[in-house]
file input-v7.cif (mmCIF, C-alpha atoms)
data_start
#
loop_
_atom_site.group_PDB
_atom_site.id
_atom_site.type_symbol
_atom_site.label_atom_id
_atom_site.label_comp_id
_atom_site.auth_asym_id
_atom_site.auth_seq_id
_atom_site.Cartn_x
_atom_site.Cartn_y
_atom_site.Cartn_z
ATOM 1 C CA LYS A 1 -2.181 7.868 -15.736
ATOM 2 C CA GLN A 2 0.117 8.326 -12.752
ATOM 3 C CA GLU A 3 3.383 6.379 -12.882
ATOM 4 C CA VAL A 4 5.789 6.111 -9.945
ATOM 5 C CA THR A 5 9.431 5.152 -10.384
ATOM 6 C CA GLN A 6 12.008 4.370 -7.726
ATOM 7 C CA ILE A 7 15.720 4.391 -8.328
ATOM 8 C CA PRO A 8 17.859 2.496 -7.541
ATOM 9 C CA ALA A 9 16.075 -0.868 -7.439
ATOM 10 C CA ALA A 10 18.606 -2.116 -4.897
ATOM 11 C CA LEU A 11 21.191 -0.475 -2.686
ATOM 12 C CA SER A 12 23.824 -1.928 -0.394
ATOM 13 C CA VAL A 13 25.611 0.288 2.123
ATOM 14 C CA PRO A 14 27.883 -0.236 5.152
ATOM 15 C CA GLU A 15 26.408 0.377 8.573
ATOM 16 C CA GLY A 16 26.533 3.978 9.738
ATOM 17 C CA GLU A 17 26.315 5.519 6.279
ATOM 18 C CA ASN A 18 23.733 8.164 5.429
ATOM 19 C CA LEU A 19 21.716 7.352 2.315
ATOM 20 C CA VAL A 20 19.067 8.730 -0.008
ATOM 21 C CA LEU A 21 16.291 6.834 -1.768
ATOM 22 C CA ASN A 22 14.612 8.445 -4.755
ATOM 23 C CA CYS A 23 11.038 8.462 -5.981
ATOM 24 C CA SER A 24 9.625 10.226 -9.030
ATOM 25 C CA PHE A 25 6.073 10.541 -10.282
ATOM 26 C CA THR A 26 4.703 11.686 -13.622
ATOM 27 C CA ASP A 27 1.639 13.714 -12.597
ATOM 28 C CA SER A 28 2.433 16.510 -10.154
ATOM 29 C CA ALA A 29 -1.238 16.958 -9.158
ATOM 30 C CA ILE A 30 -0.996 14.952 -5.950
ATOM 31 C CA TYR A 31 -2.427 15.422 -2.465
ATOM 32 C CA ASN A 32 0.260 13.533 -0.602
ATOM 33 C CA LEU A 33 3.027 10.992 -0.836
ATOM 34 C CA GLN A 34 3.601 8.128 1.581
ATOM 35 C CA TRP A 35 6.795 6.221 2.231
ATOM 36 C CA PHE A 36 6.440 2.610 3.393
ATOM 37 C CA ARG A 37 8.764 -0.079 4.615
ATOM 38 C CA GLN A 38 8.201 -3.702 3.587
ATOM 39 C CA ASP A 39 10.054 -6.564 5.245
ATOM 40 C CA PRO A 40 10.245 -9.888 3.328
ATOM 41 C CA GLY A 41 6.888 -11.657 3.314
ATOM 42 C CA LYS A 42 5.354 -8.936 5.459
ATOM 43 C CA GLY A 43 2.942 -6.069 5.094
ATOM 44 C CA LEU A 44 3.559 -2.395 4.525
ATOM 45 C CA THR A 45 4.515 -0.202 7.454
ATOM 46 C CA SER A 46 3.800 3.476 6.934
ATOM 47 C CA LEU A 47 6.894 5.558 7.692
ATOM 48 C CA LEU A 48 6.006 9.093 6.662
ATOM 49 C CA LEU A 49 3.231 10.944 4.900
ATOM 50 C CA ILE A 50 4.165 14.230 3.315
ATOM 51 C CA GLN A 51 1.401 16.522 2.182
ATOM 52 C CA SER A 52 1.546 18.374 -1.131
ATOM 53 C CA SER A 53 1.829 21.687 0.732
ATOM 54 C CA GLN A 54 4.848 20.472 2.714
ATOM 55 C CA ARG A 55 8.483 20.375 1.673
ATOM 56 C CA GLU A 56 9.762 18.030 4.363
ATOM 57 C CA GLN A 57 8.615 15.593 7.014
ATOM 58 C CA THR A 58 10.807 14.022 9.670
ATOM 59 C CA SER A 59 10.518 11.008 11.931
ATOM 60 C CA GLY A 60 13.564 10.028 13.953
ATOM 61 C CA ARG A 61 16.413 9.194 11.546
ATOM 62 C CA LEU A 62 14.123 9.512 8.529
ATOM 63 C CA ASN A 63 13.533 12.657 6.543
ATOM 64 C CA ALA A 64 11.288 12.811 3.492
ATOM 65 C CA SER A 65 11.306 15.720 1.103
ATOM 66 C CA LEU A 66 8.878 16.560 -1.652
ATOM 67 C CA ASP A 67 9.314 18.699 -4.744
ATOM 68 C CA LYS A 68 5.861 18.486 -6.201
ATOM 69 C CA SER A 69 6.507 20.668 -9.248
ATOM 70 C CA SER A 70 9.354 18.467 -10.431
ATOM 71 C CA GLY A 71 7.582 15.247 -9.435
ATOM 72 C CA ARG A 72 10.245 14.048 -6.994
ATOM 73 C CA SER A 73 10.577 12.879 -3.435
ATOM 74 C CA THR A 74 13.544 11.622 -1.490
ATOM 75 C CA LEU A 75 13.796 9.581 1.679
ATOM 76 C CA TYR A 76 16.937 10.319 3.662
ATOM 77 C CA ILE A 77 18.044 7.750 6.235
ATOM 78 C CA ALA A 78 20.703 8.932 8.652
ATOM 79 C CA ALA A 79 23.256 6.661 10.332
ATOM 80 C CA SER A 80 21.919 3.476 8.747
ATOM 81 C CA GLN A 81 21.653 0.293 10.821
ATOM 82 C CA PRO A 82 21.320 -3.381 9.813
ATOM 83 C CA GLY A 83 17.734 -3.250 11.085
ATOM 84 C CA ASP A 84 16.959 -0.729 8.344
ATOM 85 C CA SER A 85 17.399 -3.492 5.759
ATOM 86 C CA ALA A 86 14.053 -3.790 3.952
ATOM 87 C CA THR A 87 12.325 -2.684 0.782
ATOM 88 C CA TYR A 88 11.194 0.944 0.800
ATOM 89 C CA LEU A 89 8.162 1.867 -1.253
ATOM 90 C CA CYS A 90 6.795 5.242 -2.145
ATOM 91 C CA ALA A 91 3.167 5.778 -3.074
ATOM 92 C CA VAL A 92 1.303 8.851 -4.263
ATOM 93 C CA PHE A 93 -2.272 9.804 -3.541
ATOM 94 C CA SER A 94 -3.781 11.912 -6.265
ATOM 95 C CA GLY A 95 -7.167 12.599 -4.654
ATOM 96 C CA ALA A 96 -9.657 14.390 -6.904
ATOM 97 C CA GLY A 97 -12.260 11.682 -6.398
ATOM 98 C CA SER A 98 -9.748 8.840 -6.467
ATOM 99 C CA TYR A 99 -8.856 7.007 -3.269
ATOM 100 C CA GLN A 100 -6.123 4.771 -4.550
ATOM 101 C CA LEU A 101 -2.431 4.867 -3.817
ATOM 102 C CA THR A 102 -0.140 4.412 -6.811
ATOM 103 C CA PHE A 103 3.039 2.612 -5.826
ATOM 104 C CA GLY A 104 6.564 2.455 -7.092
ATOM 105 C CA LYS A 105 8.338 -0.865 -7.302
ATOM 106 C CA GLY A 106 10.536 -0.091 -4.337
ATOM 107 C CA THR A 107 14.199 0.098 -3.420
ATOM 108 C CA LYS A 108 15.636 -2.936 -1.664
ATOM 109 C CA LEU A 109 18.084 -1.684 0.953
ATOM 110 C CA SER A 110 20.743 -3.851 2.537
ATOM 111 C CA VAL A 111 22.789 -2.382 5.394
ATOM 112 C CA ILE A 112 25.942 -4.416 5.939
ATOM 113 C CA PRO A 113 27.236 -4.668 9.544
ATOM 114 C CA GLU B 1 -1.056 0.994 18.303
ATOM 115 C CA PRO B 2 -4.188 -0.210 16.482
ATOM 116 C CA GLU B 3 -3.504 -2.327 13.436
ATOM 117 C CA VAL B 4 -5.179 -3.938 10.458
ATOM 118 C CA THR B 5 -5.487 -7.711 10.843
ATOM 119 C CA GLN B 6 -5.719 -10.161 7.956
ATOM 120 C CA THR B 7 -6.542 -13.872 7.950
ATOM 121 C CA PRO B 8 -5.364 -16.337 6.865
ATOM 122 C CA SER B 9 -1.713 -15.453 6.387
ATOM 123 C CA HIS B 10 -1.428 -18.059 3.633
ATOM 124 C CA GLN B 11 -4.205 -19.628 1.555
ATOM 125 C CA VAL B 12 -3.681 -22.448 -0.925
ATOM 126 C CA THR B 13 -6.579 -23.114 -3.301
ATOM 127 C CA GLN B 14 -7.252 -25.185 -6.387
ATOM 128 C CA MET B 15 -7.877 -23.270 -9.603
ATOM 129 C CA GLY B 16 -11.581 -22.650 -10.126
ATOM 130 C CA GLN B 17 -12.399 -22.646 -6.431
ATOM 131 C CA GLU B 18 -13.856 -19.719 -4.538
ATOM 132 C CA VAL B 19 -11.738 -18.024 -1.907
ATOM 133 C CA ILE B 20 -12.578 -15.451 0.766
ATOM 134 C CA LEU B 21 -9.874 -13.271 2.291
ATOM 135 C CA ARG B 22 -10.699 -11.614 5.582
ATOM 136 C CA CYS B 23 -9.650 -8.348 7.134
ATOM 137 C CA VAL B 24 -10.405 -6.498 10.342
ATOM 138 C CA PRO B 25 -9.665 -2.803 9.703
ATOM 139 C CA ILE B 26 -8.746 -0.326 12.440
ATOM 140 C CA SER B 27 -11.903 0.181 14.451
ATOM 141 C CA ASN B 28 -12.644 3.884 13.914
ATOM 142 C CA HIS B 29 -11.682 3.879 10.237
ATOM 143 C CA LEU B 30 -14.360 4.230 7.610
ATOM 144 C CA TYR B 31 -12.451 3.799 4.341
ATOM 145 C CA PHE B 32 -11.305 0.312 3.360
ATOM 146 C CA TYR B 33 -9.130 -0.906 0.525
ATOM 147 C CA TRP B 34 -7.768 -4.029 -1.099
ATOM 148 C CA TYR B 35 -4.463 -4.100 -2.951
ATOM 149 C CA ARG B 36 -2.473 -6.964 -4.380
ATOM 150 C CA GLN B 37 1.194 -7.577 -5.118
ATOM 151 C CA ILE B 38 2.208 -10.244 -7.583
ATOM 152 C CA LEU B 39 5.675 -11.572 -6.738
ATOM 153 C CA GLY B 40 8.340 -9.168 -7.930
ATOM 154 C CA GLN B 41 5.852 -6.551 -9.089
ATOM 155 C CA LYS B 42 4.359 -3.316 -7.806
ATOM 156 C CA VAL B 43 1.568 -3.123 -5.268
ATOM 157 C CA GLU B 44 -1.629 -2.566 -7.283
ATOM 158 C CA PHE B 45 -4.918 -1.049 -6.191
ATOM 159 C CA LEU B 46 -8.003 -3.247 -6.476
ATOM 160 C CA VAL B 47 -10.905 -1.499 -4.771
ATOM 161 C CA SER B 48 -11.933 1.058 -2.194
ATOM 162 C CA PHE B 49 -15.077 0.837 -0.059
ATOM 163 C CA TYR B 50 -16.954 3.463 1.925
ATOM 164 C CA ASN B 51 -20.402 3.685 3.447
ATOM 165 C CA ASN B 52 -21.195 0.101 2.467
ATOM 166 C CA GLU B 53 -20.475 0.513 -1.183
ATOM 167 C CA ILE B 54 -17.580 0.445 -3.620
ATOM 168 C CA SER B 55 -16.243 3.961 -4.167
ATOM 169 C CA GLU B 56 -13.631 3.057 -6.759
ATOM 170 C CA LYS B 57 -12.306 -0.058 -8.470
ATOM 171 C CA SER B 58 -9.489 -0.802 -10.890
ATOM 172 C CA GLU B 59 -9.575 -2.725 -14.160
ATOM 173 C CA ILE B 60 -8.247 -5.752 -12.273
ATOM 174 C CA PHE B 61 -11.400 -5.859 -10.121
ATOM 175 C CA ASP B 62 -13.663 -7.646 -12.586
ATOM 176 C CA ASP B 63 -16.839 -9.654 -12.033
ATOM 177 C CA GLN B 64 -14.882 -12.454 -10.364
ATOM 178 C CA PHE B 65 -14.125 -10.179 -7.423
ATOM 179 C CA SER B 66 -16.478 -8.858 -4.775
ATOM 180 C CA VAL B 67 -16.148 -7.137 -1.422
ATOM 181 C CA GLU B 68 -18.403 -7.104 1.578
ATOM 182 C CA ARG B 69 -18.600 -5.667 5.060
ATOM 183 C CA PRO B 70 -20.733 -8.366 6.642
ATOM 184 C CA ASP B 71 -20.708 -6.826 10.129
ATOM 185 C CA GLY B 72 -19.258 -3.869 12.012
ATOM 186 C CA SER B 73 -15.706 -5.176 12.094
ATOM 187 C CA ASN B 74 -14.907 -7.431 9.125
ATOM 188 C CA PHE B 75 -14.156 -6.573 5.509
ATOM 189 C CA THR B 76 -13.848 -9.418 3.005
ATOM 190 C CA LEU B 77 -12.578 -9.947 -0.526
ATOM 191 C CA LYS B 78 -14.092 -12.842 -2.448
ATOM 192 C CA ILE B 79 -12.691 -14.302 -5.642
ATOM 193 C CA ARG B 80 -15.413 -16.406 -7.211
ATOM 194 C CA SER B 81 -13.455 -18.723 -9.515
ATOM 195 C CA THR B 82 -9.734 -18.435 -8.976
ATOM 196 C CA LYS B 83 -7.194 -18.452 -11.807
ATOM 197 C CA LEU B 84 -3.478 -19.156 -11.696
ATOM 198 C CA GLU B 85 -2.792 -15.447 -12.262
ATOM 199 C CA ASP B 86 -4.659 -14.579 -9.053
ATOM 200 C CA SER B 87 -1.675 -15.908 -7.100
ATOM 201 C CA ALA B 88 -0.373 -12.892 -5.193
ATOM 202 C CA MET B 89 -0.100 -11.238 -1.813
ATOM 203 C CA TYR B 90 -3.359 -9.460 -1.010
ATOM 204 C CA PHE B 91 -3.253 -6.479 1.315
ATOM 205 C CA CYS B 92 -6.129 -4.883 3.148
ATOM 206 C CA ALA B 93 -5.834 -1.251 4.242
ATOM 207 C CA SER B 94 -7.955 1.282 6.045
ATOM 208 C CA SER B 95 -7.904 5.021 6.669
ATOM 209 C CA ASP B 96 -9.601 7.615 8.843
ATOM 210 C CA PRO B 97 -12.637 9.460 7.587
ATOM 211 C CA ILE B 98 -11.921 12.386 5.341
ATOM 212 C CA THR B 99 -11.866 15.267 7.799
ATOM 213 C CA GLY B 100 -11.049 18.920 7.544
ATOM 214 C CA GLN B 101 -7.563 17.848 6.477
ATOM 215 C CA GLY B 102 -9.011 16.656 3.214
ATOM 216 C CA TYR B 103 -7.334 13.631 1.743
ATOM 217 C CA ASN B 104 -4.262 13.779 3.959
ATOM 218 C CA GLN B 105 -4.910 10.664 5.980
ATOM 219 C CA PRO B 106 -2.436 7.776 5.730
ATOM 220 C CA GLN B 107 -3.592 4.346 4.686
ATOM 221 C CA HIS B 108 -2.659 1.641 7.184
ATOM 222 C CA PHE B 109 -1.921 -1.819 5.820
ATOM 223 C CA GLY B 110 -2.221 -5.330 7.203
ATOM 224 C CA ASP B 111 0.444 -8.029 6.886
ATOM 225 C CA GLY B 112 -1.300 -9.530 3.867
ATOM 226 C CA THR B 113 -2.629 -12.903 2.800
ATOM 227 C CA ARG B 114 -0.443 -14.902 0.441
ATOM 228 C CA LEU B 115 -2.798 -16.602 -2.018
ATOM 229 C CA SER B 116 -1.389 -19.554 -3.947
ATOM 230 C CA ILE B 117 -3.495 -21.040 -6.743
ATOM 231 C CA LEU B 118 -2.598 -24.579 -7.816
#
call {"tool": "encode", "arguments": {"input": "input-v7.cif", "output": "structure tokens"}}
result
Amino acid sequence: KQEVTQIPAALSVPEGENLVLNCSFTDSAIYNLQWFRQDPGKGLTSLLLIQSSQREQTSGRLNASLDKSSGRSTLYIAASQPGDSATYLCAVFSGAGSYQLTFGKGTKLSVIP
Amino acid sequence: EPEVTQTPSHQVTQMGQEVILRCVPISNHLYFYWYRQILGQKVEFLVSFYNNEISEKSEIFDDQFSVERPDGSNFTLKIRSTKLEDSAMYFCASSDPITGQGYNQPQHFGDGTRLSIL
């Protein structure tokens, strides 16, 4: 059974700092990995989807990397801003007849002005 | 940008009552999903739906739960007799048809319905 872990659970950084959020998964047989942002009491906003054949995916100040063989992904946020404060979730899609995303518990990011 | 819409945003119900959560997926999407998130816990998969039938369901999705696509735009989750432990945020999601890219289509989520069982 796929398990997804995100470390750290919470992170507080000063504005302008570059930071890395980590995600690990136990079964490397995945089709893709999605990173989401969740604001308090809100839904999930898809940030990036990185396919199993890709190593990196970029969108603006965000860069996601994937090392499928070691079961790890990172989300790099450059020049952090207070508006980046949210919980960041990663979720893996294993495919092979299954349509579900398996989520980690998230990293709660606070960017201090 | 098209989005998934969920109503109501907050539902308060007495234990034992039936509740229906409603979702309008993105219009050209064909795969639909329900997930839930109990406060402080992970987002958990409940069910996926395609071509007017359930394609996959989790152990959580027992006989008390059902889904329906009553018309061309709505997708509903019904809980027949609610329990205290059904209190959670329920998310609807949808994704594009599986195309030549295989499974590499992102799932798009709504803002959720917070269900509170008293």
call {"tool": "interface_residues", "arguments": {"input": "input-v7.cif", "of": "chain A", "to": "chain B", "cutoff": "8 Å", "atoms": "only C-alpha atoms", "output": "PyMOL selection string"}}
result
chain A and resi 31-32+34+42-46+49+51+95+98-106
call {"tool": "atom_distance", "arguments": {"input": "input-v7.cif", "atom1": "CA of Ser85 (chain A)", "atom2": "CA of Cys23 (chain A)"}}
result
17.9 Å
call {"tool": "residues_around", "arguments": {"input": "input-v7.cif", "residues": "Phe75 (chain B)", "least_positions_apart": "5", "cutoff": "7 Å", "atoms": "only C-alpha atoms", "output": "PyMOL selection string"}}
result
chain B and resi 22-24+68-70
call {"tool": "resolve_selection", "arguments": {"input": "input-v7.cif", "expression": "the PyMOL selection byres ((chain A and resi 110) around 6)", "output": "PyMOL selection string"}}
result
chain A and resi 12+85+109+111
call {"tool": "closest_residue", "arguments": {"input": "input-v7.cif", "among": "B:Glu3, B:Gly72, B:Ile60, B:Arg36", "to": "Leu21 (chain B)", "atoms": "all atoms listed in the file"}}
result
B:Arg36
call {"tool": "build_atoms", "arguments": {"input": "input-v7.cif", "residues": "region 4-15 of chain A", "atoms": "all heavy atoms", "output": "tab-separated table (two decimals), keeping the file's coordinate frame"}}
result
chain	number	residue	atom	x	y	z
A	4	VAL	N	4.83	5.84	-11.01
A	4	VAL	CA	5.79	6.11	-9.94
A	4	VAL	C	7.01	5.23	-10.17
A	4	VAL	O	6.87	4.01	-10.40
A	4	VAL	CB	5.17	5.82	-8.56
A	4	VAL	CG1	6.20	6.08	-7.46
A	4	VAL	CG2	3.93	6.69	-8.34
A	5	THR	N	8.18	5.86	-10.13
A	5	THR	CA	9.43	5.15	-10.38
A	5	THR	C	10.37	5.34	-9.21
A	5	THR	O	10.48	6.46	-8.67
A	5	THR	CB	10.10	5.70	-11.66
A	5	THR	OG1	9.18	5.58	-12.76
A	5	THR	CG2	11.36	4.90	-11.98
A	6	GLN	N	11.04	4.27	-8.81
A	6	GLN	CA	12.01	4.37	-7.73
A	6	GLN	C	13.37	3.86	-8.21
A	6	GLN	O	13.47	2.80	-8.79
A	6	GLN	CB	11.55	3.54	-6.52
A	6	GLN	CG	10.33	4.14	-5.84
A	6	GLN	CD	9.95	3.40	-4.58
A	6	GLN	OE1	8.93	2.73	-4.52
A	6	GLN	NE2	10.80	3.53	-3.55
A	7	ILE	N	14.35	4.71	-7.94
A	7	ILE	CA	15.72	4.39	-8.33
A	7	ILE	C	16.63	4.65	-7.13
A	7	ILE	O	16.45	5.66	-6.44
A	7	ILE	CB	16.18	5.28	-9.51
A	7	ILE	CG1	15.35	4.93	-10.76
A	7	ILE	CG2	17.65	5.13	-9.79
A	7	ILE	CD1	15.61	5.87	-11.92
A	8	PRO	N	17.61	3.73	-6.81
A	8	PRO	CA	17.86	2.50	-7.54
A	8	PRO	C	16.90	1.39	-7.11
A	8	PRO	O	16.20	1.54	-6.11
A	8	PRO	CB	19.29	2.17	-7.13
A	8	PRO	CG	19.39	2.70	-5.73
A	8	PRO	CD	18.54	3.93	-5.69
A	9	ALA	N	16.91	0.26	-7.83
A	9	ALA	CA	16.08	-0.87	-7.44
A	9	ALA	C	16.63	-1.55	-6.20
A	9	ALA	O	15.89	-2.13	-5.40
A	9	ALA	CB	15.97	-1.86	-8.59
A	10	ALA	N	17.96	-1.50	-6.05
A	10	ALA	CA	18.61	-2.12	-4.90
A	10	ALA	C	19.81	-1.28	-4.50
A	10	ALA	O	20.44	-0.64	-5.35
A	10	ALA	CB	19.02	-3.55	-5.21
A	11	LEU	N	20.11	-1.29	-3.21
A	11	LEU	CA	21.19	-0.48	-2.69
A	11	LEU	C	21.80	-1.21	-1.50
A	11	LEU	O	21.07	-1.70	-0.63
A	11	LEU	CB	20.62	0.88	-2.24
A	11	LEU	CG	21.57	1.91	-1.66
A	11	LEU	CD1	22.57	2.35	-2.71
A	11	LEU	CD2	20.78	3.12	-1.14
A	12	SER	N	23.13	-1.28	-1.50
A	12	SER	CA	23.82	-1.93	-0.39
A	12	SER	C	24.82	-0.94	0.18
A	12	SER	O	25.64	-0.38	-0.57
A	12	SER	CB	24.54	-3.18	-0.91
A	12	SER	OG	25.13	-3.89	0.14
A	13	VAL	N	24.75	-0.70	1.49
A	13	VAL	CA	25.61	0.29	2.12
A	13	VAL	C	26.18	-0.29	3.41
A	13	VAL	O	25.58	-1.17	4.04
A	13	VAL	CB	24.84	1.59	2.44
A	13	VAL	CG1	24.27	2.21	1.16
A	13	VAL	CG2	23.77	1.37	3.47
A	14	PRO	N	27.35	0.20	3.85
A	14	PRO	CA	27.88	-0.24	5.15
A	14	PRO	C	27.14	0.47	6.28
A	14	PRO	O	26.65	1.60	6.13
A	14	PRO	CB	29.35	0.19	5.09
A	14	PRO	CG	29.39	1.28	4.09
A	14	PRO	CD	28.29	1.04	3.11
A	15	GLU	N	27.07	-0.19	7.40
A	15	GLU	CA	26.41	0.38	8.57
A	15	GLU	C	26.98	1.74	8.92
A	15	GLU	O	28.19	1.97	8.83
A	15	GLU	CB	26.60	-0.59	9.75
A	15	GLU	CG	25.94	-0.17	11.04
A	15	GLU	CD	26.13	-1.21	12.14
A	15	GLU	OE1	26.78	-2.22	11.89
A	15	GLU	OE2	25.61	-0.97	13.25
